[in-house]
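In what follows, a structure is listed as structure tokens, so that the remarks can point back to it.
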Amino acid sequence: HGYYQMIGNQDVWFNESFNLAMDLKEKAAFGEAIEMLEKLISIKPNDIDTNLLIANILTSQGKHLQALPFYERMLSICPNDPKISEDYS
């Protein structure tokens with residue numbers, strides 16, 4: 001039971017942290033949002049929403065080269081997702 005409870009708590013923490021990063025983005029606290037998202041990506045590197053959010057923040061700041069690896073990772077995970085292809089182009 002302890003293992004599954006720990007996994008569940010990690011998922012709750014992950015989701016709450018992602019929501020906090022979204023709030024930080026909305027408040028234009030981009031540096032803090034990116035820092036939070038990088039921590040989340042270190043835990044779940046293939047999480048589409050996290051990769052998409054960090055890529056969008058970087059792109060909105062004109063940091064296209066920094067955003068590129070996140071878009072490429074998303075395309076390798078979901079190559080036929082039109083939303084990712086649209087954001088990437």
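Here's how to read the names in the structure tokens: chain A, B, ... by the order shown, residue numbers from 1 in each chain, ligand numbers from 1 in the order shown.
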Find the residues around A:Ala33 up to 10 Å (only C-alpha atoms counted), leave out those fewer than 4 positions away in its own chain, and share them as a PDB file with N, CA and C atoms, in the first residue's frame.
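Saved as part.pdb:
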```pdb
ATOM      1  N   SER A  17       2.048  21.242  -8.878  1.00  0.00           N
ATOM      2  CA  SER A  17       3.207  22.010  -9.335  1.00  0.00           C
ATOM      3  C   SER A  17       2.996  22.513 -10.759  1.00  0.00           C
ATOM      4  N   PHE A  18       2.398  21.673 -11.605  1.00  0.00           N
ATOM      5  CA  PHE A  18       2.099  22.102 -12.973  1.00  0.00           C
ATOM      6  C   PHE A  18       1.113  23.266 -12.956  1.00  0.00           C
ATOM      7  N   ASN A  19       0.083  23.167 -12.130  1.00  0.00           N
ATOM      8  CA  ASN A  19      -0.893  24.261 -12.027  1.00  0.00           C
ATOM      9  C   ASN A  19      -0.244  25.542 -11.514  1.00  0.00           C
ATOM     10  N   LEU A  20       0.689  25.406 -10.576  1.00  0.00           N
ATOM     11  CA  LEU A  20       1.420  26.567 -10.083  1.00  0.00           C
ATOM     12  C   LEU A  20       2.246  27.192 -11.213  1.00  0.00           C
ATOM     13  N   ALA A  21       2.896  26.365 -12.014  1.00  0.00           N
ATOM     14  CA  ALA A  21       3.677  26.874 -13.147  1.00  0.00           C
ATOM     15  C   ALA A  21       2.775  27.618 -14.131  1.00  0.00           C
ATOM     16  N   MET A  22       1.572  27.108 -14.361  1.00  0.00           N
ATOM     17  CA  MET A  22       0.632  27.799 -15.254  1.00  0.00           C
ATOM     18  C   MET A  22       0.239  29.151 -14.663  1.00  0.00           C
ATOM     19  N   ASP A  23      -0.003  29.196 -13.364  1.00  0.00           N
ATOM     20  CA  ASP A  23      -0.326  30.464 -12.699  1.00  0.00           C
ATOM     21  C   ASP A  23       0.831  31.449 -12.815  1.00  0.00           C
ATOM     22  N   LEU A  24       2.055  30.963 -12.625  1.00  0.00           N
ATOM     23  CA  LEU A  24       3.233  31.824 -12.752  1.00  0.00           C
ATOM     24  C   LEU A  24       3.349  32.380 -14.166  1.00  0.00           C
ATOM     25  N   LYS A  25       3.058  31.549 -15.157  1.00  0.00           N
ATOM     26  CA  LYS A  25       3.088  32.007 -16.548  1.00  0.00           C
ATOM     27  C   LYS A  25       2.070  33.120 -16.760  1.00  0.00           C
ATOM     28  N   GLU A  26       0.861  32.931 -16.239  1.00  0.00           N
ATOM     29  CA  GLU A  26      -0.194  33.938 -16.389  1.00  0.00           C
ATOM     30  C   GLU A  26       0.181  35.256 -15.718  1.00  0.00           C
ATOM     31  N   LYS A  27       0.993  35.183 -14.664  1.00  0.00           N
ATOM     32  CA  LYS A  27       1.442  36.380 -13.947  1.00  0.00           C
ATOM     33  C   LYS A  27       2.727  36.943 -14.546  1.00  0.00           C
ATOM     34  N   ALA A  28       3.142  36.377 -15.674  1.00  0.00           N
ATOM     35  CA  ALA A  28       4.365  36.786 -16.381  1.00  0.00           C
ATOM     36  C   ALA A  28       5.626  36.561 -15.540  1.00  0.00           C
ATOM     37  N   ALA A  29       5.569  35.604 -14.623  1.00  0.00           N
ATOM     38  CA  ALA A  29       6.749  35.211 -13.847  1.00  0.00           C
ATOM     39  C   ALA A  29       7.398  34.040 -14.588  1.00  0.00           C
ATOM     40  N   LEU A  37       8.852  24.059 -14.184  1.00  0.00           N
ATOM     41  CA  LEU A  37       8.629  23.092 -15.259  1.00  0.00           C
ATOM     42  C   LEU A  37       9.850  22.212 -15.499  1.00  0.00           C
ATOM     43  N   GLU A  38      11.038  22.782 -15.368  1.00  0.00           N
ATOM     44  CA  GLU A  38      12.257  21.978 -15.527  1.00  0.00           C
ATOM     45  C   GLU A  38      12.336  20.899 -14.448  1.00  0.00           C
ATOM     46  N   LEU A  53       4.080  23.465 -22.364  1.00  0.00           N
ATOM     47  CA  LEU A  53       4.040  24.735 -21.638  1.00  0.00           C
ATOM     48  C   LEU A  53       5.407  25.401 -21.613  1.00  0.00           C
ATOM     49  N   ILE A  54       6.449  24.647 -21.334  1.00  0.00           N
ATOM     50  CA  ILE A  54       7.782  25.257 -21.299  1.00  0.00           C
ATOM     51  C   ILE A  54       8.195  25.728 -22.697  1.00  0.00           C
ATOM     52  N   ILE A  57       6.320  29.004 -23.384  1.00  0.00           N
ATOM     53  CA  ILE A  57       6.888  30.126 -22.630  1.00  0.00           C
ATOM     54  C   ILE A  57       8.171  30.599 -23.292  1.00  0.00           C
TER      55      ILE A  57
END
```
Apply DSSP to the structure's backbone, then extract all residues of chain A labelled alpha helix (DSSP H) and return them as number ranges by chain.
A: 2-26, 30-43, 48-60, 64-77, 82-88
At what distance in Å, to one decimal, does atom CA of A:Asn46 lie from atom CA of A:Glu32?
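Going from atom CA of A:Glu32 over to atom CA of A:Asn46 covers 20.8 Å.
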Which residue gives the smallest distance to A:Gln61 among A:Lys44, A:Gly31, A:Ser76, A:Asp49, with only C-alpha atoms counted?
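Of A:Lys44, A:Gly31, A:Ser76, A:Asp49, the one nearest A:Gln61, counting only C-alpha atoms, is A:Gly31.
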